[in-house]
Amino acid sequence: MKPFEVIATFNFSHEIIVIKHRLEQDGIAYFFENEVTLGIAPFYTTALGGIKLKVHPNDFEKVQKILDELRDGHLSIVK
């Protein structure tokens, strides 16, 4: 089984809430690295390189389409 890989990085919790909703709607498995750190020490998350969205490589194309749609709607995505 291939490990999950980073597809995008975020700096703010409101951005990941929107992404979570979209990925769950489409039944895509994901996880956010450093998400818990955001709630405990918000500024430390940036020092760790942001909140990293990780998905399975088989879902990269589908997730990239979702991210592109959201980016056109002015969602700030670092990577």
# chains A, B, ... in the order shown; residues from 1 in each chain; ligands from 1
$ select_by_dssp --residues "chain A" --states "strand (DSSP E)" --output "PyMOL selection string"
chain A and resi 5-10+30-33+51-55
$ write_last_selection --atoms "C-alpha atoms" --output "mmCIF file, in the first residue's frame"
data_model
loop_
_atom_site.group_PDB
_atom_site.id
_atom_site.type_symbol
_atom_site.label_atom_id
_atom_site.label_comp_id
_atom_site.auth_asym_id
_atom_site.auth_seq_id
_atom_site.Cartn_x
_atom_site.Cartn_y
_atom_site.Cartn_z
ATOM 1 C CA GLU A 5 1.424 12.156 0.436
ATOM 2 C CA VAL A 6 1.153 15.921 0.862
ATOM 3 C CA ILE A 7 -0.932 17.622 -1.820
ATOM 4 C CA ALA A 8 -1.451 21.049 -0.203
ATOM 5 C CA THR A 9 -0.485 23.143 2.799
ATOM 6 C CA PHE A 10 -2.665 25.587 4.722
ATOM 7 C CA TYR A 30 -7.385 12.147 3.942
ATOM 8 C CA PHE A 31 -5.694 13.500 7.035
ATOM 9 C CA PHE A 32 -4.208 16.812 8.083
ATOM 10 C CA GLU A 33 -0.721 16.729 9.575
ATOM 11 C CA ILE A 51 -1.156 22.218 8.090
ATOM 12 C CA LYS A 52 -0.407 19.585 5.465
ATOM 13 C CA LEU A 53 -3.251 17.858 3.625
ATOM 14 C CA LYS A 54 -2.265 14.272 2.898
ATOM 15 C CA VAL A 55 -4.155 11.998 0.511
#
$ residues_around --residues "Lys20 in chain A" --least-positions-apart "2" --cutoff "12 Å" --atoms "only C-alpha atoms" --output "PDB file with N, CA and C atoms, in the first residue's frame"
ATOM      1  N   SER A  13      -7.302  27.593  10.109  1.00  0.00           N
ATOM      2  CA  SER A  13      -8.282  26.534  10.364  1.00  0.00           C
ATOM      3  C   SER A  13      -9.512  26.633   9.464  1.00  0.00           C
ATOM      4  N   HIS A  14      -9.937  27.844   9.103  1.00  0.00           N
ATOM      5  CA  HIS A  14     -11.123  27.957   8.252  1.00  0.00           C
ATOM      6  C   HIS A  14     -10.899  27.326   6.879  1.00  0.00           C
ATOM      7  N   GLU A  15      -9.669  27.311   6.426  1.00  0.00           N
ATOM      8  CA  GLU A  15      -9.369  26.689   5.131  1.00  0.00           C
ATOM      9  C   GLU A  15      -9.523  25.175   5.199  1.00  0.00           C
ATOM     10  N   ILE A  16      -9.054  24.570   6.275  1.00  0.00           N
ATOM     11  CA  ILE A  16      -9.134  23.113   6.350  1.00  0.00           C
ATOM     12  C   ILE A  16     -10.560  22.643   6.611  1.00  0.00           C
ATOM     13  N   ILE A  17     -11.373  23.468   7.244  1.00  0.00           N
ATOM     14  CA  ILE A  17     -12.775  23.097   7.481  1.00  0.00           C
ATOM     15  C   ILE A  17     -13.504  22.948   6.146  1.00  0.00           C
ATOM     16  N   VAL A  18     -13.266  23.883   5.240  1.00  0.00           N
ATOM     17  CA  VAL A  18     -13.886  23.834   3.916  1.00  0.00           C
ATOM     18  C   VAL A  18     -13.419  22.588   3.162  1.00  0.00           C
ATOM     19  N   ARG A  22     -15.582  19.119   1.741  1.00  0.00           N
ATOM     20  CA  ARG A  22     -15.583  18.678   0.338  1.00  0.00           C
ATOM     21  C   ARG A  22     -15.059  17.252   0.186  1.00  0.00           C
ATOM     22  N   LEU A  23     -13.978  16.927   0.885  1.00  0.00           N
ATOM     23  CA  LEU A  23     -13.404  15.585   0.763  1.00  0.00           C
ATOM     24  C   LEU A  23     -14.344  14.529   1.338  1.00  0.00           C
ATOM     25  N   GLU A  24     -15.000  14.842   2.443  1.00  0.00           N
ATOM     26  CA  GLU A  24     -15.950  13.902   3.038  1.00  0.00           C
ATOM     27  C   GLU A  24     -17.159  13.707   2.128  1.00  0.00           C
ATOM     28  N   GLN A  25     -17.617  14.777   1.475  1.00  0.00           N
ATOM     29  CA  GLN A  25     -18.721  14.660   0.527  1.00  0.00           C
ATOM     30  C   GLN A  25     -18.389  13.678  -0.597  1.00  0.00           C
ATOM     31  N   ASP A  26     -17.138  13.715  -1.041  1.00  0.00           N
ATOM     32  CA  ASP A  26     -16.714  12.859  -2.151  1.00  0.00           C
ATOM     33  C   ASP A  26     -16.168  11.508  -1.694  1.00  0.00           C
ATOM     34  N   GLY A  27     -16.161  11.260  -0.380  1.00  0.00           N
ATOM     35  CA  GLY A  27     -15.699   9.973   0.146  1.00  0.00           C
ATOM     36  C   GLY A  27     -14.215   9.733  -0.029  1.00  0.00           C
ATOM     37  N   ILE A  28     -13.432  10.793   0.011  1.00  0.00           N
ATOM     38  CA  ILE A  28     -11.978  10.688  -0.178  1.00  0.00           C
ATOM     39  C   ILE A  28     -11.291  10.594   1.188  1.00  0.00           C
ATOM     40  N   ALA A  29     -10.442   9.582   1.346  1.00  0.00           N
ATOM     41  CA  ALA A  29      -9.676   9.422   2.585  1.00  0.00           C
ATOM     42  C   ALA A  29      -8.561  10.474   2.622  1.00  0.00           C
ATOM     43  N   TYR A  30      -8.372  11.075   3.787  1.00  0.00           N
ATOM     44  CA  TYR A  30      -7.385  12.147   3.942  1.00  0.00           C
ATOM     45  C   TYR A  30      -6.999  12.265   5.408  1.00  0.00           C
ATOM     46  N   PHE A  31      -5.946  13.024   5.679  1.00  0.00           N
ATOM     47  CA  PHE A  31      -5.694  13.500   7.035  1.00  0.00           C
ATOM     48  C   PHE A  31      -4.847  14.757   6.956  1.00  0.00           C
ATOM     49  N   PHE A  32      -4.946  15.562   7.997  1.00  0.00           N
ATOM     50  CA  PHE A  32      -4.208  16.812   8.083  1.00  0.00           C
ATOM     51  C   PHE A  32      -3.103  16.672   9.115  1.00  0.00           C
ATOM     52  N   GLU A  35      -2.668  19.373  12.399  1.00  0.00           N
ATOM     53  CA  GLU A  35      -3.980  19.975  12.665  1.00  0.00           C
ATOM     54  C   GLU A  35      -4.199  20.219  14.158  1.00  0.00           C
ATOM     55  N   LEU A  53      -2.199  18.781   4.056  1.00  0.00           N
ATOM     56  CA  LEU A  53      -3.251  17.858   3.625  1.00  0.00           C
ATOM     57  C   LEU A  53      -2.582  16.675   2.946  1.00  0.00           C
ATOM     58  N   LYS A  54      -2.838  15.486   3.474  1.00  0.00           N
ATOM     59  CA  LYS A  54      -2.265  14.272   2.898  1.00  0.00           C
ATOM     60  C   LYS A  54      -3.390  13.385   2.368  1.00  0.00           C
ATOM     61  N   VAL A  55      -3.197  12.901   1.152  1.00  0.00           N
ATOM     62  CA  VAL A  55      -4.155  11.998   0.511  1.00  0.00           C
ATOM     63  C   VAL A  55      -3.398  10.854  -0.147  1.00  0.00           C
ATOM     64  N   VAL A  63      -8.512  15.200  -5.974  1.00  0.00           N
ATOM     65  CA  VAL A  63      -8.329  16.226  -4.938  1.00  0.00           C
ATOM     66  C   VAL A  63      -7.783  17.508  -5.557  1.00  0.00           C
ATOM     67  N   ILE A  66     -10.599  19.519  -6.907  1.00  0.00           N
ATOM     68  CA  ILE A  66     -11.336  20.179  -5.822  1.00  0.00           C
ATOM     69  C   ILE A  66     -10.577  21.402  -5.340  1.00  0.00           C
ATOM     70  N   LEU A  67      -9.275  21.260  -5.144  1.00  0.00           N
ATOM     71  CA  LEU A  67      -8.454  22.385  -4.679  1.00  0.00           C
ATOM     72  C   LEU A  67      -8.450  23.524  -5.695  1.00  0.00           C
TER      73      LEU A  67
END
$ closest_residue --among "A:His56, A:Leu38, A:Lys62, A:Leu70" --to "Lys2 in chain A" --atoms "only C-alpha atoms"
A:His56
